[in-house]
Every structure is written in structure tokens, then in C-alpha cells.
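Text of run_6.cif (mmCIF, C-alpha atoms) as supplied:
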```cif
data_protein
loop_
_atom_site.label_atom_id
_atom_site.label_comp_id
_atom_site.auth_asym_id
_atom_site.auth_seq_id
_atom_site.Cartn_x
_atom_site.Cartn_y
_atom_site.Cartn_z
CA MET V 1 -6.46 -35.38 14.74
CA THR V 2 -5.29 -34.05 11.36
CA ASP V 3 -1.84 -32.50 11.40
CA ARG V 4 -2.13 -28.80 10.57
CA LYS V 5 0.04 -27.36 7.84
CA LYS V 6 2.92 -25.06 8.81
CA ALA V 7 3.76 -21.58 7.52
CA LEU V 8 6.20 -18.75 8.15
CA VAL V 9 5.24 -15.13 7.54
CA THR V 10 7.94 -12.46 7.78
CA GLY V 11 7.01 -8.92 8.69
CA ALA V 12 3.90 -10.44 10.24
CA ALA V 13 2.96 -8.04 13.03
CA THR V 14 0.88 -5.57 11.04
CA GLY V 15 -0.58 -4.81 7.63
CA ILE V 16 -0.29 -7.44 4.92
CA GLY V 17 1.69 -9.75 7.20
CA ARG V 18 -0.98 -9.72 9.88
CA SER V 19 -3.72 -10.39 7.34
CA ALA V 20 -1.68 -13.25 5.87
CA VAL V 21 -1.20 -14.83 9.31
CA LEU V 22 -4.93 -14.74 10.02
CA ALA V 23 -5.83 -16.06 6.57
CA LEU V 24 -3.42 -18.96 7.03
CA ALA V 25 -4.80 -19.68 10.50
CA ARG V 26 -8.34 -19.79 9.12
CA ALA V 27 -7.15 -22.19 6.41
CA GLY V 28 -5.78 -24.63 8.99
CA TYR V 29 -2.14 -23.60 9.28
CA ASP V 30 0.05 -23.20 12.32
CA VAL V 31 2.04 -20.02 11.79
CA ALA V 32 5.50 -18.77 12.69
CA ILE V 33 5.14 -15.01 13.11
CA ASN V 34 8.32 -13.08 12.35
CA TYR V 35 8.74 -9.44 13.35
CA ALA V 36 11.66 -7.05 13.79
CA SER V 37 10.43 -4.43 16.26
CA SER V 38 6.64 -4.38 16.67
CA GLU V 39 6.45 -6.82 19.56
CA ALA V 40 3.11 -5.69 20.97
CA ALA V 41 1.43 -5.86 17.56
CA ALA V 42 3.01 -9.27 16.87
CA LYS V 43 1.60 -10.60 20.15
CA GLU V 44 -1.86 -9.30 19.23
CA THR V 45 -1.64 -10.99 15.82
CA ALA V 46 -0.54 -14.25 17.47
CA ALA V 47 -3.45 -14.08 19.93
CA GLU V 48 -5.95 -13.59 17.09
CA ALA V 49 -4.44 -16.49 15.16
CA ALA V 50 -4.63 -18.70 18.24
CA LYS V 51 -8.35 -17.94 18.53
CA LEU V 52 -8.66 -19.37 15.02
CA GLY V 53 -7.05 -22.62 16.16
CA ALA V 54 -3.46 -22.01 15.11
CA LYS V 55 -0.37 -22.84 17.07
CA THR V 56 1.90 -19.82 16.75
CA LEU V 57 5.59 -19.09 17.17
CA LEU V 58 6.70 -15.52 17.86
CA LEU V 59 10.10 -14.99 16.30
CA ARG V 60 11.90 -11.69 16.60
CA CYS V 61 14.49 -11.43 13.82
CA ASP V 62 15.77 -8.81 11.40
CA VAL V 63 15.66 -10.67 8.09
CA SER V 64 18.79 -8.87 6.92
CA ASP V 65 20.75 -10.64 9.69
CA GLU V 66 21.92 -13.96 8.27
CA ALA V 67 22.81 -15.48 11.65
CA GLY V 68 19.44 -14.44 13.06
CA VAL V 69 17.62 -15.94 10.08
CA ARG V 70 19.44 -19.27 10.48
CA ALA V 71 18.62 -19.32 14.20
CA MET V 72 14.97 -18.57 13.42
CA MET V 73 14.82 -21.56 11.07
CA GLN V 74 16.33 -23.81 13.72
CA THR V 75 13.53 -22.81 16.10
CA ILE V 76 10.91 -23.48 13.42
CA GLU V 77 12.46 -26.87 12.69
CA THR V 78 12.36 -27.79 16.39
CA GLN V 79 8.77 -26.63 16.88
CA PHE V 80 7.15 -27.33 13.50
CA GLY V 81 9.46 -29.81 11.76
CA ARG V 82 8.64 -28.50 8.29
CA LEU V 83 7.13 -25.62 6.32
CA ASP V 84 4.36 -25.90 3.77
CA ALA V 85 4.25 -22.19 2.97
CA LEU V 86 6.54 -19.17 3.22
CA VAL V 87 5.31 -15.60 2.88
CA ASN V 88 8.21 -13.17 2.40
CA ASN V 89 6.54 -9.95 3.47
CA ALA V 90 9.15 -8.13 5.57
CA GLY V 91 9.98 -4.78 4.05
CA THR V 92 11.06 -1.24 4.73
CA THR V 93 11.37 2.03 2.84
CA ALA V 94 13.36 5.27 2.86
CA THR V 95 12.52 8.92 3.27
CA TRP V 96 13.04 11.42 0.47
CA LYS V 97 11.67 14.52 -1.21
CA PRO V 98 10.16 13.50 -4.58
CA ARG V 99 12.34 14.37 -7.56
CA ASP V 100 15.18 15.46 -5.24
CA LEU V 101 17.80 12.74 -5.60
CA GLU V 102 20.18 14.47 -3.19
CA SER V 103 17.65 14.02 -0.39
CA LEU V 104 18.17 10.24 -0.47
CA SER V 105 20.47 8.83 2.18
CA LEU V 106 22.76 6.11 0.86
CA GLU V 107 22.64 4.46 4.29
CA GLU V 108 18.86 4.22 3.94
CA TRP V 109 19.27 2.96 0.38
CA ASP V 110 21.48 0.12 1.63
CA ARG V 111 19.10 -0.64 4.49
CA VAL V 112 16.11 -0.94 2.11
CA PHE V 113 17.97 -3.39 -0.11
CA SER V 114 19.35 -5.37 2.83
CA VAL V 115 15.81 -6.02 4.11
CA ASN V 116 13.70 -6.11 0.96
CA VAL V 117 16.06 -8.02 -1.32
CA ARG V 118 18.88 -9.72 0.56
CA GLY V 119 16.54 -10.48 3.46
CA LEU V 120 14.06 -12.18 1.15
CA PHE V 121 16.84 -14.28 -0.35
CA GLN V 122 18.34 -15.19 3.03
CA VAL V 123 14.99 -16.29 4.45
CA THR V 124 14.15 -18.30 1.34
CA ARG V 125 17.53 -20.03 1.23
CA ALA V 126 17.45 -20.91 4.93
CA ALA V 127 13.85 -22.18 4.67
CA LEU V 128 14.48 -24.58 1.78
CA PRO V 129 15.26 -27.69 3.88
CA LEU V 130 12.00 -27.18 5.79
CA LEU V 131 9.96 -26.42 2.66
CA ARG V 132 11.26 -29.57 0.98
CA LYS V 133 9.71 -31.53 3.85
CA GLY V 134 6.35 -29.85 3.27
CA ALA V 135 3.33 -30.84 1.22
CA ALA V 136 3.17 -29.02 -2.14
CA PRO V 137 5.31 -26.19 -0.72
CA SER V 138 4.69 -22.66 -1.93
CA ILE V 139 6.47 -19.32 -1.52
CA VAL V 140 4.71 -15.99 -1.97
CA ASN V 141 6.70 -12.75 -2.01
CA THR V 142 5.34 -9.26 -1.45
CA ALA V 143 6.36 -7.08 -4.38
CA SER V 144 4.59 -3.82 -5.29
CA ILE V 145 3.05 -2.14 -8.27
CA VAL V 146 5.96 0.34 -8.16
CA GLY V 147 8.28 -2.56 -8.93
CA LEU V 148 6.49 -2.88 -12.28
CA ARG V 149 5.87 0.75 -13.25
CA PRO V 150 6.90 4.24 -12.08
CA GLY V 151 5.23 5.63 -8.99
CA PRO V 152 5.68 8.17 -6.20
CA GLN V 153 7.48 5.78 -3.86
CA PRO V 154 11.12 6.44 -2.84
CA LEU V 155 13.59 5.22 -5.44
CA PRO V 156 15.28 2.53 -3.32
CA TYR V 157 11.89 1.07 -2.38
CA ALA V 158 10.72 0.94 -6.01
CA ALA V 159 14.04 -0.49 -7.19
CA SER V 160 14.02 -3.10 -4.43
CA LYS V 161 10.53 -4.23 -5.40
CA ALA V 162 11.63 -4.53 -9.02
CA ALA V 163 14.39 -6.79 -7.68
CA VAL V 164 11.75 -8.82 -5.81
CA VAL V 165 9.91 -9.31 -9.11
CA ASN V 166 13.08 -10.60 -10.74
CA LEU V 167 14.00 -12.76 -7.74
CA THR V 168 10.55 -14.32 -7.77
CA LYS V 169 10.89 -15.40 -11.39
CA THR V 170 14.49 -16.56 -10.96
CA LEU V 171 13.76 -18.51 -7.78
CA ALA V 172 10.74 -20.11 -9.44
CA TRP V 173 13.04 -21.44 -12.17
CA ASN V 174 15.66 -22.63 -9.68
CA LEU V 175 13.29 -24.29 -7.20
CA ALA V 176 10.97 -26.02 -9.68
CA PRO V 177 9.41 -28.50 -9.83
CA GLN V 178 9.13 -29.09 -6.09
CA ILE V 179 8.56 -25.56 -4.80
CA ARG V 180 6.37 -22.94 -6.48
CA VAL V 181 7.36 -19.26 -6.14
CA ASN V 182 5.02 -16.37 -6.94
CA ALA V 183 4.54 -12.79 -5.84
CA VAL V 184 1.77 -10.27 -5.28
CA ALA V 185 2.06 -6.64 -6.37
CA PRO V 186 -0.43 -4.48 -4.48
CA GLY V 187 -1.40 -1.06 -5.72
CA TRP V 188 -2.15 1.84 -3.41
CA MET V 189 -3.19 0.20 -0.16
CA GLU V 190 -5.35 1.54 2.63
CA GLY V 191 -3.69 1.74 6.03
CA ASP V 192 -0.68 2.93 8.00
CA TRP V 193 1.96 2.40 5.30
CA MET V 194 0.36 4.84 2.84
CA LYS V 195 -0.54 7.20 5.69
CA ARG V 196 3.15 7.46 6.50
CA MET V 197 3.98 8.03 2.82
CA LEU V 198 1.22 10.55 2.00
CA LYS V 199 0.93 12.21 5.41
CA ASP V 200 -1.75 14.95 5.42
CA LYS V 201 -2.57 14.25 1.76
CA TYR V 202 -3.65 10.66 2.51
CA GLU V 203 -7.44 11.11 2.43
CA ASP V 204 -7.42 13.32 -0.66
CA LEU V 205 -5.00 11.27 -2.75
CA MET V 206 -6.45 7.89 -1.76
CA GLY V 207 -9.93 9.19 -2.60
CA ARG V 208 -8.74 10.31 -6.03
CA ARG V 209 -7.09 6.94 -6.66
CA ALA V 210 -10.27 5.10 -5.64
CA LYS V 211 -12.31 7.14 -8.14
CA LEU V 212 -9.90 6.20 -10.93
CA THR V 213 -9.99 2.49 -10.01
CA PRO V 214 -12.51 0.34 -11.93
CA LEU V 215 -13.51 -1.54 -8.78
CA GLY V 216 -14.11 1.73 -6.96
CA ARG V 217 -11.71 1.58 -4.03
CA CYS V 218 -8.08 1.06 -3.06
CA VAL V 219 -6.66 -2.31 -2.06
CA THR V 220 -6.71 -3.54 1.55
CA ALA V 221 -4.36 -5.87 3.39
CA ASP V 222 -7.10 -8.50 3.44
CA ASP V 223 -7.37 -8.30 -0.36
CA VAL V 224 -3.66 -9.05 -0.62
CA ALA V 225 -3.87 -11.93 1.85
CA GLU V 226 -6.76 -13.44 -0.13
CA SER V 227 -4.62 -13.47 -3.28
CA MET V 228 -1.69 -14.91 -1.35
CA MET V 229 -3.88 -17.77 -0.17
CA SER V 230 -5.05 -18.49 -3.70
CA LEU V 231 -1.41 -18.89 -4.73
CA ILE V 232 -0.62 -21.06 -1.71
CA GLU V 233 -3.68 -23.29 -1.63
CA GLY V 234 -4.56 -23.37 -5.32
CA ASN V 235 -3.05 -22.48 -8.68
CA ARG V 236 -0.99 -25.67 -8.60
CA PHE V 237 0.38 -25.13 -12.11
CA VAL V 238 1.33 -21.48 -11.55
CA THR V 239 4.87 -20.41 -10.68
CA GLY V 240 7.03 -17.39 -11.42
CA GLU V 241 4.00 -15.11 -11.72
CA ILE V 242 3.36 -11.62 -10.32
CA VAL V 243 -0.29 -11.04 -9.40
CA VAL V 244 -1.23 -7.37 -9.55
CA ILE V 245 -3.83 -6.43 -6.92
CA ASP V 246 -5.05 -2.92 -7.67
CA GLY V 247 -8.72 -3.20 -8.61
CA GLY V 248 -7.91 -2.77 -12.28
CA PHE V 249 -6.19 0.63 -11.93
CA THR V 250 -3.12 -0.18 -14.02
CA SER V 251 -5.17 -1.83 -16.75
CA SER V 252 -7.28 1.31 -17.17
CA THR V 253 -4.51 3.94 -17.20
#
```
Let me see the structure of the file written as C-alpha cells.
Amino acid sequence: MTDRKKALVTGAATGIGRSAVLALARAGYDVAINYASSEAAAKETAAEAAKLGAKTLLLRCDVSDEAGVRAMMQTIETQFGRLDALVNNAGTTATWKPRDLESLSLEEWDRVFSVNVRGLFQVTRAALPLLRKGAAPSIVNTASIVGLRPGPQPLPYAASKAAVVNLTKTLAWNLAPQIRVNAVAPGWMEGDWMKRMLKDKYEDLMGRRAKLTPLGRCVTADDVAESMMSLIEGNRFVTGEIVVIDGGFTSST
């Protein structure tokens, strides 16, 4: 029996993370499913991945906790022995009133950076020994279009995603030639994340964005996972790149 490849997805219970887990499972990977709080959703994602033939590990860990991250990697090493792919997807945001800088909590600012930036680095650093045992290892980070251009997202979230863009390029330089590092930058994405951001304006604003998008709709989590898989399974001479996934919106505005 062919040995299945091994992957870790952080923030894997819902949204992009869930879609990435299922895409990896369909592609023949066993998947370590990291989550911080959404245990029920993580279990559902694991069950769906198992139906696709994947062995799964459920790993509860806040990626901003260095000790927890190291312990998570020890479990992965015991169960999987190596990693062929790492998807750094865990992320959080802050609440604020647009254009009102005083409404931003500095505690929330620090929390966003501890998860979105330091957490990404901590997971990547701790995963390196396992990735170096893998076959053509690849890392894909979840950035955002607001890390590349202004948008309505809270300032710490946008700034943290700009940091993810820089980290992706810097890590690609540092980890070459053995490990490739790329990122995806989704535009406005259908689903719970934007519903929380836009609240009662979700349907109206998403509809307007879709009309302004050359491909006629907003991005989905499955669209993002598809691009992630192309960076993991193909594009063997691509590293340090940020793939924008927005249906052509930014190229037409």
C-alpha cells in the first residue's frame, strides 16, 4: 500500500482551513487538523476527511502559544513521522468602527499579531524538522488582499496580513532550496467571516462586489483551497509568491 503524504493545516475547523483539509484528503494526504476553540466543527471536518480516506489527527492548540505549538509537533512526529505540506491558515481579527482609530483596543491589536504573525512563524519554525523529512515539502500561508492594498478590514488585521506577505517572501529565501513557501491572498470571500465583518450589510455589499468582479462572483473557501493545492502539488519552480484569488477584481479597479 502506498504511503500517504502528510500535512498540517492550522485553523482547520471551518472556512478556508476546512476546505484545505478536504482538498488534501482528496489528493491522498493524511491531515493533522489544528483548531483553537471550534471543537465540534473540527470533529466534523475530521470525519469528512476520513470518509475521503485520510487518517486525521485532531490537535487543539493556540498557535500563539509556543509551548503548545512544540507539543503539537511532537504529536505529529509520533503519529505521522514527517510533513510534506504545511498550511498556515490560523487567523483572527479585531473589532473597530471604520475610520475611528480610538475604537481599536490595543489588547486586540496584540492578539491579532500574536496569532496571525508570530503564530505563523512559531508553527513554521517548529515544523521545519518534519518538513525536511518530507517529499518536496511546501508551505502555503493565508494572507489577504487587504495585506496588499487598502480595504475596510480592521487595521491590525490588514497590517498583520501585510506582515504575512513579507514573512512569506523572507521565509522562501531562508528555506530554499529544500522548502518552497508561498501564500494566497483571497479577496472578499463568501461565508461566516465576511458575515461577521459586514453584519446586516453582507448581502448588499457582497452582491455589489460580485457585480464589479470580472468573473461575476466573490471567492469561496473552495476556490482558495484549489489554489493552495496547486502551490503544494504543482508549481515546483515557484516560491516566495503571493497568489491573489479575487476573480480579477483588483486587476479591473
ask   = Got a sec to resolve the PyMOL selection byres ((chain V and resi 122-138) around 6) on this structure and send the residues as number ranges by chain?
value = V: 82-85, 119-121, 139, 179-180, 232
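A straight line drawn from atom CA of V:Gln178 to atom CA of V:Ala54 is 25.7 Å long.
Minimum distance to V:Val31 across V:Val87, V:Ile16, V:Gly11, V:Leu57 (counting only C-alpha atoms) occurs at V:Leu57.
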query = Leaving out V:Arg18 and any residue of its chain fewer than 3 positions from it, which residues lie within 12 Å of it when counting only C-alpha atoms, given as a PyMOL selection string?
reply = chain V and resi 8-15+21-25+31-35+38+41-49+87+89-90+220-222+224-225
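For the residues V:Arg26, V:Ala158, V:Arg118, V:Asn182, ranking by smallest atom-to-atom distance to V:Gly234 using all atoms listed in the file places V:Asn182 first.
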request  = Would you write out, as JSON, numbers by chain, every residue that the PyMOL selection byres ((chain V and resi 218) around 8) captures in this file?
outcome  = {"V": [187, 188, 189, 190, 206, 209, 210, 213, 216, 217, 219, 220, 246, 247]}
note = Separating atom CA of V:Leu155 from atom CA of V:Ser19, to the nearest tenth of an Å, is a gap of 26.6 Å
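Atom pair atom CA of V:Arg70 / atom CA of V:Ala7 has a distance of 16.1 Å (rounded to one decimal).
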inquiry  = Take the PyMOL selection byres ((chain V and resi 61) around 9), run it mentally on this structure, and tell me the resulting residues as an NGL selection string.
reply    = :V and (10 or 34-37 or 59-60 or 62-65 or 68-69 or 71-72)
Leaving out V:Ala172 and any residue of its chain fewer than 5 positions from it, which residues lie within 7 Å of it when counting all atoms listed in the file, given as a PDB file with C-alpha atoms, in the coordinates of the input?
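Wrote around.pdb, looks like this:
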```pdb
ATOM      1  CA  ARG V 180       6.370 -22.940  -6.480  1.00  0.00           C
ATOM      2  CA  VAL V 181       7.360 -19.260  -6.140  1.00  0.00           C
ATOM      3  CA  THR V 239       4.870 -20.410 -10.680  1.00  0.00           C
ATOM      4  CA  GLY V 240       7.030 -17.390 -11.420  1.00  0.00           C
TER       5      GLY V 240
END
```
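In this comparison, which uses only C-alpha atoms, the residue of V:Lys5, V:Lys161, V:Arg149, V:Arg208 approaching V:Gly53 most closely is V:Lys5.
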query = Using all atoms listed in the file, which of V:Thr250, V:Thr92, V:Ser105, V:Asn174 sits nearest V:Gly151?
reply = V:Thr250
Using only the atoms of stretch 88-102 of chain V listed in the file, plus 6 Å on each side, state the axis-aligned box centre and edge lengths in Å rounded to one decimal, as lines of an AutoDock Vina configuration file.
```
center_x = 13.4
center_y = 1.1
center_z = -1.0
size_x = 25.6
size_y = 40.6
size_z = 25.1
```
message = What's around V:Arg111 at 9 Å? Count only C-alpha atoms, leave out sequence neighbours fewer than 2 positions away in its own chain, and write the answer as a list in words.
response = Ser64, Thr92, Thr93, Ala94, Leu106, Glu107, Glu108, Trp109, Phe113, Ser114, Val115 and Asn116 of chain V
request  = Using only C-alpha atoms, find the one residue out of V:Gly207, V:Leu167, V:Val112, V:Asn141 that sits nearest to V:Ala20.
outcome  = V:Asn141
key: Among the residues V:Ala143, V:Pro214, V:Trp173, V:Pro156, the one that comes closest to V:Ile242 [using all atoms listed in the file]   = V:Ala143
Take stretch 70-90 of chain V, model N, CA and C atoms, and hand the result over as a short mmCIF file (atom, residue, chain, number, x, y, z; two decimals), keeping the file's coordinate frame.
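Resulting contents of rebuild.cif:
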```cif
data_model
loop_
_atom_site.label_atom_id
_atom_site.label_comp_id
_atom_site.auth_asym_id
_atom_site.auth_seq_id
_atom_site.Cartn_x
_atom_site.Cartn_y
_atom_site.Cartn_z
N ARG V 70 19.12 -17.85 10.29
CA ARG V 70 19.44 -19.27 10.48
C ARG V 70 18.94 -19.76 11.83
N ALA V 71 19.10 -18.94 12.87
CA ALA V 71 18.62 -19.32 14.20
C ALA V 71 17.10 -19.43 14.21
N MET V 72 16.43 -18.52 13.51
CA MET V 72 14.97 -18.57 13.42
C MET V 72 14.52 -19.88 12.79
N MET V 73 15.20 -20.31 11.73
CA MET V 73 14.82 -21.56 11.07
C MET V 73 15.05 -22.77 11.97
N GLN V 74 16.09 -22.71 12.78
CA GLN V 74 16.33 -23.81 13.72
C GLN V 74 15.18 -23.93 14.72
N THR V 75 14.68 -22.79 15.18
CA THR V 75 13.53 -22.81 16.10
C THR V 75 12.30 -23.38 15.40
N ILE V 76 12.06 -22.96 14.17
CA ILE V 76 10.91 -23.48 13.42
C ILE V 76 11.04 -24.98 13.21
N GLU V 77 12.25 -25.43 12.89
CA GLU V 77 12.46 -26.87 12.69
C GLU V 77 12.16 -27.65 13.97
N THR V 78 12.60 -27.12 15.11
CA THR V 78 12.36 -27.79 16.39
C THR V 78 10.87 -27.84 16.72
N GLN V 79 10.17 -26.74 16.47
CA GLN V 79 8.77 -26.63 16.88
C GLN V 79 7.79 -27.17 15.84
N PHE V 80 8.09 -26.95 14.56
CA PHE V 80 7.15 -27.33 13.50
C PHE V 80 7.62 -28.54 12.69
N GLY V 81 8.93 -28.68 12.51
CA GLY V 81 9.46 -29.81 11.76
C GLY V 81 9.51 -29.62 10.26
N ARG V 82 8.69 -28.72 9.75
CA ARG V 82 8.64 -28.50 8.29
C ARG V 82 7.94 -27.17 8.03
N LEU V 83 7.93 -26.76 6.78
CA LEU V 83 7.13 -25.62 6.32
C LEU V 83 6.41 -26.02 5.05
N ASP V 84 5.13 -25.69 4.98
CA ASP V 84 4.36 -25.90 3.77
C ASP V 84 4.19 -24.61 2.97
N ALA V 85 4.40 -23.48 3.64
CA ALA V 85 4.25 -22.19 2.97
C ALA V 85 5.19 -21.16 3.61
N LEU V 86 5.71 -20.29 2.77
CA LEU V 86 6.54 -19.17 3.22
C LEU V 86 6.02 -17.91 2.57
N VAL V 87 5.72 -16.91 3.39
CA VAL V 87 5.31 -15.60 2.88
C VAL V 87 6.41 -14.61 3.23
N ASN V 88 7.14 -14.17 2.21
CA ASN V 88 8.21 -13.17 2.40
C ASN V 88 7.60 -11.79 2.30
N ASN V 89 7.24 -11.23 3.45
CA ASN V 89 6.54 -9.95 3.47
C ASN V 89 7.34 -8.83 4.12
N ALA V 90 8.39 -9.16 4.87
CA ALA V 90 9.15 -8.13 5.57
C ALA V 90 9.68 -7.09 4.59
#
```
